[in-house]
Structure formats: C-alpha cells, structure tokens
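Colleague: Hey, dropping run_9.cif in here, mmCIF, C-alpha atoms:
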```cif
data_run
#
loop_
_atom_site.label_atom_id
_atom_site.label_comp_id
_atom_site.auth_asym_id
_atom_site.auth_seq_id
_atom_site.Cartn_x
_atom_site.Cartn_y
_atom_site.Cartn_z
CA MET A 1 94.38 62.18 265.94
CA LEU A 2 95.81 64.25 263.12
CA LEU A 3 95.86 68.05 263.40
CA VAL A 4 95.72 69.68 259.96
CA ILE A 5 96.49 73.40 259.53
CA ASP A 6 96.09 75.66 256.49
CA ILE A 7 97.99 78.95 256.93
CA GLY A 8 96.41 81.57 254.66
CA ASN A 9 96.97 85.25 254.04
CA SER A 10 93.95 86.41 256.01
CA PHE A 11 92.97 83.44 258.15
CA THR A 12 94.56 80.26 259.41
CA LYS A 13 92.22 77.28 259.62
CA GLY A 14 92.70 73.91 261.19
CA ALA A 15 90.89 70.68 261.96
CA LEU A 16 91.28 67.47 263.90
CA PHE A 17 90.82 64.21 262.02
CA VAL A 18 90.37 60.67 263.21
CA GLU A 19 91.05 58.82 259.96
CA ASP A 20 88.78 60.65 257.47
CA GLU A 21 86.30 61.99 260.05
CA MET A 22 86.67 65.60 261.14
CA LYS A 23 86.29 66.03 264.90
CA GLY A 24 86.93 69.74 265.39
CA PHE A 25 87.62 72.96 263.49
CA PHE A 26 89.13 76.36 264.20
CA SER A 27 89.75 79.61 262.33
CA ILE A 28 91.95 82.45 263.59
CA PRO A 29 93.28 85.62 261.92
CA SER A 30 96.71 85.00 260.43
CA ALA A 31 97.87 88.51 261.29
CA VAL A 32 97.49 88.06 265.06
CA PRO A 33 101.02 87.74 266.49
CA HIS A 34 101.71 84.79 268.77
CA ASP A 35 104.67 83.10 270.37
CA PRO A 36 104.61 79.29 270.14
CA ASP A 37 103.14 78.77 273.61
CA ALA A 38 100.41 81.37 273.12
CA LEU A 39 99.55 80.03 269.67
CA GLY A 40 99.50 76.43 270.90
CA SER A 41 97.25 77.37 273.81
CA LEU A 42 94.90 79.25 271.45
CA ILE A 43 94.63 76.30 269.07
CA ALA A 44 94.07 73.85 271.92
CA ASP A 45 91.39 76.11 273.38
CA LYS A 46 89.63 76.55 270.03
CA LEU A 47 89.55 72.76 269.60
CA GLY A 48 88.49 72.09 273.19
CA LEU A 49 91.63 70.11 273.97
CA GLY A 50 93.32 69.65 277.32
CA PRO A 51 97.04 70.11 278.07
CA ALA A 52 99.37 69.38 275.17
CA GLU A 53 100.55 66.09 276.60
CA GLU A 54 96.91 64.98 276.94
CA SER A 55 95.60 66.34 273.63
CA GLY A 56 95.55 63.00 271.84
CA ILE A 57 97.23 64.54 268.78
CA LYS A 58 99.68 62.10 267.23
CA SER A 59 100.61 63.96 264.03
CA ILE A 60 100.48 67.51 262.68
CA ALA A 61 100.35 68.42 258.98
CA PHE A 62 100.25 71.91 257.55
CA CYS A 63 100.60 73.96 254.40
CA SER A 64 101.38 77.65 254.21
CA VAL A 65 101.17 80.45 251.66
CA VAL A 66 102.74 82.84 254.19
CA PRO A 67 106.42 81.82 254.43
CA GLN A 68 107.14 84.14 257.35
CA LEU A 69 104.54 82.33 259.47
CA SER A 70 105.72 78.79 258.72
CA PRO A 71 108.54 78.78 261.34
CA LEU A 72 106.09 79.89 264.05
CA TYR A 73 103.76 76.97 263.34
CA TYR A 74 106.69 74.57 263.14
CA GLU A 75 107.90 75.75 266.54
CA THR A 76 104.38 75.55 267.96
CA ALA A 77 104.00 71.96 266.79
CA PHE A 78 107.43 70.97 268.09
CA ASP A 79 107.60 72.97 271.33
CA PHE A 80 103.96 73.07 272.47
CA PHE A 81 102.58 69.76 271.16
CA GLY A 82 105.88 67.87 271.14
CA ILE A 83 105.41 66.76 267.53
CA GLU A 84 107.61 67.34 264.50
CA PRO A 85 105.15 68.55 261.86
CA TRP A 86 104.87 67.46 258.25
CA GLN A 87 104.58 70.20 255.61
CA LEU A 88 102.92 70.02 252.21
CA ASP A 89 104.79 71.85 249.46
CA TYR A 90 105.30 71.69 245.70
CA LYS A 91 107.67 68.72 246.04
CA THR A 92 105.14 66.55 247.86
CA ASP A 93 103.89 63.41 246.12
CA ILE A 94 100.15 63.93 245.75
CA GLY A 95 99.64 61.27 243.10
CA MET A 96 99.02 63.87 240.41
CA LYS A 97 101.26 65.53 237.87
CA ASN A 98 101.78 69.26 238.41
CA LEU A 99 101.65 70.81 234.94
CA TYR A 100 102.89 74.23 236.08
CA ILE A 101 105.93 75.21 233.99
CA ARG A 102 107.66 76.23 237.22
CA PRO A 103 106.25 73.86 239.87
CA GLU A 104 108.02 75.73 242.67
CA GLN A 105 105.62 78.63 242.09
CA THR A 106 102.58 76.51 242.90
CA GLY A 107 100.81 77.44 246.12
CA PRO A 108 100.55 74.33 248.31
CA ASP A 109 96.92 75.14 249.11
CA ARG A 110 96.17 74.83 245.40
CA LEU A 111 97.71 71.36 245.31
CA ALA A 112 95.67 70.42 248.38
CA ASN A 113 92.52 71.69 246.67
CA ALA A 114 93.28 69.75 243.50
CA LEU A 115 93.95 66.52 245.38
CA ALA A 116 90.77 66.83 247.43
CA ALA A 117 88.68 67.72 244.39
CA LYS A 118 89.98 64.76 242.41
CA THR A 119 89.50 62.37 245.33
CA ILE A 120 86.06 63.56 246.46
CA TYR A 121 84.46 64.98 243.31
CA GLY A 122 86.39 63.30 240.49
CA ALA A 123 88.16 64.52 237.37
CA PRO A 124 87.92 66.77 235.48
CA SER A 125 86.96 69.37 238.06
CA VAL A 126 87.72 72.90 239.16
CA VAL A 127 87.97 74.39 242.64
CA VAL A 128 86.95 78.02 243.15
CA ASP A 129 88.77 79.13 246.30
CA MET A 130 87.26 82.44 247.40
CA GLY A 131 89.49 84.20 249.90
CA THR A 132 92.11 86.95 249.86
CA ALA A 133 92.50 85.99 246.19
CA THR A 134 89.96 84.13 244.07
CA LYS A 135 91.74 81.06 242.74
CA PHE A 136 90.59 78.56 240.14
CA ASP A 137 92.42 75.24 240.57
CA VAL A 138 91.89 72.88 237.65
CA VAL A 139 92.10 69.09 237.56
CA ASN A 140 92.10 67.91 233.95
CA GLY A 141 90.60 64.76 232.49
CA ASN A 142 93.81 62.83 233.20
CA GLY A 143 93.56 63.66 236.87
CA ASP A 144 96.51 66.08 236.82
CA PHE A 145 96.78 69.58 238.27
CA ALA A 146 96.58 71.67 235.11
CA GLY A 147 97.03 75.09 236.72
CA GLY A 148 94.20 77.58 236.59
CA ALA A 149 93.69 81.26 237.28
CA ILE A 150 94.26 83.72 240.11
CA ALA A 151 92.09 86.84 240.37
CA PRO A 152 91.94 89.60 242.99
CA GLY A 153 89.87 88.54 245.97
CA ILE A 154 86.36 89.95 246.04
CA MET A 155 86.88 92.05 249.16
CA SER A 156 90.54 92.75 248.37
CA ALA A 157 89.46 94.43 245.13
CA ALA A 158 86.58 96.21 246.84
CA GLN A 159 88.83 97.57 249.59
CA ASP A 160 91.19 98.96 246.96
CA MET A 161 88.21 100.74 245.40
CA PHE A 162 87.15 102.15 248.77
CA LYS A 163 90.64 103.56 249.31
CA LYS A 164 91.06 105.14 245.88
CA ALA A 165 87.61 106.64 245.29
CA ALA A 166 87.09 109.74 247.40
CA ARG A 167 83.30 109.45 247.66
CA LEU A 168 83.08 105.70 248.20
CA TYR A 169 83.23 103.91 251.52
CA PRO A 170 83.35 100.35 252.87
CA VAL A 171 80.14 98.33 252.62
CA GLU A 172 79.13 94.88 253.80
CA LEU A 173 79.52 92.07 251.29
CA LYS A 174 75.97 90.80 250.87
CA LYS A 175 73.42 90.06 248.17
CA PRO A 176 71.44 93.25 247.48
CA GLU A 177 67.68 93.13 247.11
CA LYS A 178 67.92 94.06 243.41
CA PRO A 179 70.69 94.52 240.82
CA ILE A 180 69.97 98.23 240.28
CA GLY A 181 71.07 99.99 243.46
CA ASP A 182 69.16 103.14 244.34
CA ASP A 183 71.85 104.64 246.58
CA THR A 184 75.63 104.42 246.80
CA THR A 185 75.63 101.60 249.35
CA THR A 186 73.28 99.30 247.43
CA ALA A 187 74.94 100.20 244.12
CA MET A 188 78.33 99.12 245.47
CA GLN A 189 76.88 95.97 247.03
CA SER A 190 75.27 95.06 243.72
CA GLY A 191 78.43 95.67 241.74
CA ILE A 192 80.62 93.71 244.15
CA PHE A 193 78.22 90.79 244.64
CA TRP A 194 76.84 90.31 241.14
CA GLY A 195 80.13 91.25 239.54
CA ALA A 196 81.77 88.41 241.47
CA VAL A 197 79.00 85.99 240.48
CA GLY A 198 79.42 86.87 236.82
CA ALA A 199 83.20 86.60 236.94
CA VAL A 200 83.19 83.19 238.64
CA ASP A 201 80.56 81.69 236.34
CA PHE A 202 82.32 83.08 233.26
CA MET A 203 85.72 81.71 234.32
CA ILE A 204 84.29 78.25 234.93
CA GLU A 205 82.76 78.28 231.43
CA LYS A 206 86.09 79.36 229.88
CA ILE A 207 87.97 76.63 231.77
CA ALA A 208 85.49 73.99 230.69
CA ALA A 209 85.72 75.14 227.07
CA GLU A 210 89.52 74.96 227.10
CA LEU A 211 89.25 71.36 228.31
CA GLY A 212 86.84 70.61 225.46
CA LEU A 213 83.83 70.33 227.77
CA THR A 214 80.42 71.97 227.79
CA GLU A 215 80.38 71.87 231.60
CA ILE A 216 82.67 70.81 234.45
CA GLU A 217 82.28 69.73 238.06
CA ALA A 218 82.98 72.87 240.09
CA VAL A 219 83.29 73.14 243.87
CA ALA A 220 83.60 76.38 245.82
CA THR A 221 85.56 76.77 249.03
CA GLY A 222 87.22 79.55 251.01
CA GLY A 223 86.01 82.08 253.53
CA LEU A 224 83.72 84.00 251.15
CA ALA A 225 82.18 81.04 249.31
CA LYS A 226 79.20 80.59 251.62
CA ILE A 227 77.93 84.10 250.81
CA PHE A 228 77.44 83.02 247.19
CA ARG A 229 75.77 79.69 247.88
CA GLY A 230 72.78 79.28 245.58
CA HIS A 231 73.82 82.11 243.24
CA LEU A 232 76.64 80.57 241.17
CA ARG A 233 74.94 78.64 238.40
CA ASN A 234 78.12 76.80 237.37
CA VAL A 235 79.12 75.69 240.89
CA SER A 236 77.59 72.37 241.88
CA ASP A 237 79.10 71.92 245.35
CA PHE A 238 80.27 74.02 248.30
CA ASP A 239 82.88 72.51 250.63
CA ASP A 240 84.14 74.67 253.50
CA TYR A 241 86.84 72.17 254.46
CA LEU A 242 88.18 71.13 251.05
CA THR A 243 91.73 72.47 251.56
CA LEU A 244 92.03 70.80 254.96
CA GLN A 245 90.83 67.52 253.46
CA GLY A 246 93.48 67.87 250.75
CA ILE A 247 96.25 68.36 253.30
CA ARG A 248 94.99 65.30 255.17
CA LEU A 249 94.95 63.20 252.00
CA ALA A 250 98.48 64.31 251.09
CA PHE A 251 99.75 63.51 254.58
CA GLU A 252 98.18 60.06 254.54
CA ARG A 253 99.70 59.35 251.14
CA ASN A 254 103.18 60.22 252.36
CA ASN A 255 103.15 58.78 255.89
#
```
Please re-express this file's structure in structure tokens.
Modeller:
Amino acid sequence: MLLVIDIGNSFTKGALFVEDEMKGFFSIPSAVPHDPDALGSLIADKLGLGPAEESGIKSIAFCSVVPQLSPLYYETAFDFFGIEPWQLDYKTDIGMKNLYIRPEQTGPDRLANALAAKTIYGAPSVVVDMGTATKFDVVNGNGDFAGGAIAPGIMSAAQDMFKKAARLYPVELKKPEKPIGDDTTTAMQSGIFWGAVGAVDFMIEKIAAELGLTEIEAVATGGLAKIFRGHLRNVSDFDDYLTLQGIRLAFERNN
C-alpha cells in the first residue's frame, strides 16, 4: 500500500492507495502539535491500521506547503512507519512543463492538482482549490501547467472582515435562503457565499478567454468546495481527493 499525505495550511489530508484504488482517508488539523510517535499513532488510528510493522504500508509520498511541518512528517514516516518518504516538489518530473517564470515558487499541491486534472479530466482544464486560499491551477491546451491565480480563501477573507469591523461577527458559511439578507447574519452569509460563487465563475471565464476558449473543463476541490456543489455554473466536476491523486500519480511516475 501507498500512503499519500498532503500537508496544507489548515488541514493535513492523507489516503491509502492500492494501485489506483483509494482504501482509506484521513483529515487532521495541521496546527495540532505532534511528536513523530504521536502523529504516527494518530494517522494509523484514523486509517484503522494496526501496529506500524503490520500496517501493510510499503511507501509514503507527501507534499507540503508548510515547510516547518515537513521535517515532522519525514521523521514520522521514517521513525514510526520505518519508511523513507518521497516528497513532491517543484523539481519533480510530473510529465508537464511548469511555465512559472520562477518554478521554485510553485506550490507542490498546485503541481499535484495540475497532474491529476490533466490525467483524469484532460487538457485544457482548471482546478479550483478552495481552502485557506482559493487557487486556480491551469492546464493549457498543450498539457502544461500554465500557472493560474491565487485569491484569499473564502473564510480567510471573511475572518479578516469579522476582526476589523466592530459590529460584525463570525457566521457559518452556508447558502442563505435568499440573496437579500434581512438581518446582519443573513446579509453576511449572502455576501460571503454568493460573492464567492461570482468570483469563482468569473475567474474561470477569464481563464478560458485567455486560452482562446469559450468554456473550459473546471474541477473544484479543497475543504470548502462541497459547500458550493450545484451552485458554480462553470464548474463541471467536484473531486475531494484530487490533490492526493496527483501526489500518487507523481510518485508512480518517479518510482
């Protein structure tokens, strides 16, 4: 079995794969401190695995956008599971050109998204990764990672508003019953929800136009994507595990 881990700013997600079939999934807050043994035990428990030596895991692959957490996961893989992990980064051969002017600035999760989108959904395509930031990862018609856009995350931006406006307060991210809110709570929910819908649909249209297209295959992923299922007119697919699939594909290509 292959254990794949995606270390994000807010949450760390992982999955077990037997070839291309996912056998288990976990999600834990990235901010929770762990030593390698505690983290390994938590992961094993979340996946329903036995002792490390009996886990059946043969390889571990991960990518990280939180550099300070990478050593912890490396130590966990090596010390708890007894496996030297493989890490996806900007230098990894993913079978696609990286058209970023400075490739070293590319988040490895974005490369994983691009590889998975190209492999599963084809090219050209765009991934809308809705998490701490809202990222648009573009695969052009040649099948290369063309770059994209990075916007403030939906709740990251909302939380900044809550902090800076004296009479506003945190609200749940949910679709309101109607666009015109009739109190402060529903007004904020409308602005956050429908504002995000408008921004995502508009960005996809702009990306398609720059590529000379009237429309483009768009897939949404990330922790917040499911809330918007059925409301993004320019998103054709939702894939909760796209980044993990991309890490798996990159690992298999290089091992």
Colleague: To verify the selection step, state as a list of chain:residue names which residues the PyMOL selection byres ((chain A and resi 85) around 7) yields on this input.
Modeller: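 So the PyMOL selection byres ((chain A and resi 85) around 7) ends up selecting A:Ser59, A:Ile60, A:Ala61, A:Tyr74, A:Ala77, A:Ile83, A:Glu84, A:Trp86, A:Gln87.
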Colleague: Keeping C-alpha atoms, export the residues of the selection given above as a compact mmCIF listing (two decimals), in the coordinates of the input.
Modeller:
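Written output follows (part_15.txt):
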```
# COMPACT_ATOMS: atom_id res chain seq x y z
CA SER A 59 100.61 63.96 264.03
CA ILE A 60 100.48 67.51 262.68
CA ALA A 61 100.35 68.42 258.98
CA TYR A 74 106.69 74.57 263.14
CA ALA A 77 104.00 71.96 266.79
CA ILE A 83 105.41 66.76 267.53
CA GLU A 84 107.61 67.34 264.50
CA TRP A 86 104.87 67.46 258.25
CA GLN A 87 104.58 70.20 255.61
```
Colleague: Apply the PyMOL selection byres ((chain A and resi 55) around 12) to the file shown and report the selected residues as a ChimeraX atom specification.
Modeller: /A:1-3,16,40-41,43-45,47-54,56-59,80-83
Colleague: Quick one: pull the distance between CA of Ala114 in chain A and CA of Ile216 in chain A, Å, one decimal.
Modeller: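 Computing the Euclidean distance for CA of Ala114 in chain A and CA of Ile216 in chain A yields 14.0 Å.
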Colleague: Could you check how far CA of Val171 in chain A sits from CA of Ala196 in chain A, in Å to one decimal?
Modeller: 15.0 Å
Colleague: Give me the residues near Thr186 in chain A as a PDB file with C-alpha atoms, in the frame of the given file, where near means some atom within 10 Å (using all atoms listed in the file) and where sequence neighbours in that chain fewer than 2 positions away do not count.
Modeller:
```pdb
ATOM      1  CA  VAL A 171      80.140  98.330 252.620  1.00  0.00           C
ATOM      2  CA  GLU A 172      79.130  94.880 253.800  1.00  0.00           C
ATOM      3  CA  LYS A 174      75.970  90.800 250.870  1.00  0.00           C
ATOM      4  CA  LYS A 175      73.420  90.060 248.170  1.00  0.00           C
ATOM      5  CA  PRO A 176      71.440  93.250 247.480  1.00  0.00           C
ATOM      6  CA  GLU A 177      67.680  93.130 247.110  1.00  0.00           C
ATOM      7  CA  LYS A 178      67.920  94.060 243.410  1.00  0.00           C
ATOM      8  CA  PRO A 179      70.690  94.520 240.820  1.00  0.00           C
ATOM      9  CA  ILE A 180      69.970  98.230 240.280  1.00  0.00           C
ATOM     10  CA  GLY A 181      71.070  99.990 243.460  1.00  0.00           C
ATOM     11  CA  ASP A 182      69.160 103.140 244.340  1.00  0.00           C
ATOM     12  CA  ASP A 183      71.850 104.640 246.580  1.00  0.00           C
ATOM     13  CA  THR A 184      75.630 104.420 246.800  1.00  0.00           C
ATOM     14  CA  MET A 188      78.330  99.120 245.470  1.00  0.00           C
ATOM     15  CA  GLN A 189      76.880  95.970 247.030  1.00  0.00           C
ATOM     16  CA  SER A 190      75.270  95.060 243.720  1.00  0.00           C
ATOM     17  CA  GLY A 191      78.430  95.670 241.740  1.00  0.00           C
ATOM     18  CA  ILE A 192      80.620  93.710 244.150  1.00  0.00           C
TER      19      ILE A 192
END
```
Colleague: Just how far from CA of Gly147 in chain A is CA of Gly122 in chain A, in Å to one decimal?
Modeller: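 Computing the Euclidean distance for CA of Gly122 in chain A and CA of Gly147 in chain A yields 16.3 Å.
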Colleague: When you count all atoms listed in the file, which of these residues is closest to Met130 in chain A: A:Cys63, A:Ala225, A:Ala15, A:Leu249?
Modeller: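 Once distances to Met130 in chain A are computed over all atoms listed in the file, the minimum belongs to A:Ala225.
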Colleague: I need the residue nearest Val235 in chain A from this list: A:Asp144, A:Glu210, A:Asp160, A:Asp129. Use only C-alpha atoms for the distance.
Modeller: A:Asp129
Colleague: Which residues come within 7 Å of Ala123 in chain A, counting all atoms listed in the file, excluding same-chain residues fewer than 4 positions away, as a list in words?
Modeller: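 My reading of the contact set: Lys118, Val139, Asn140, Gly141 and Gly143 of chain A.
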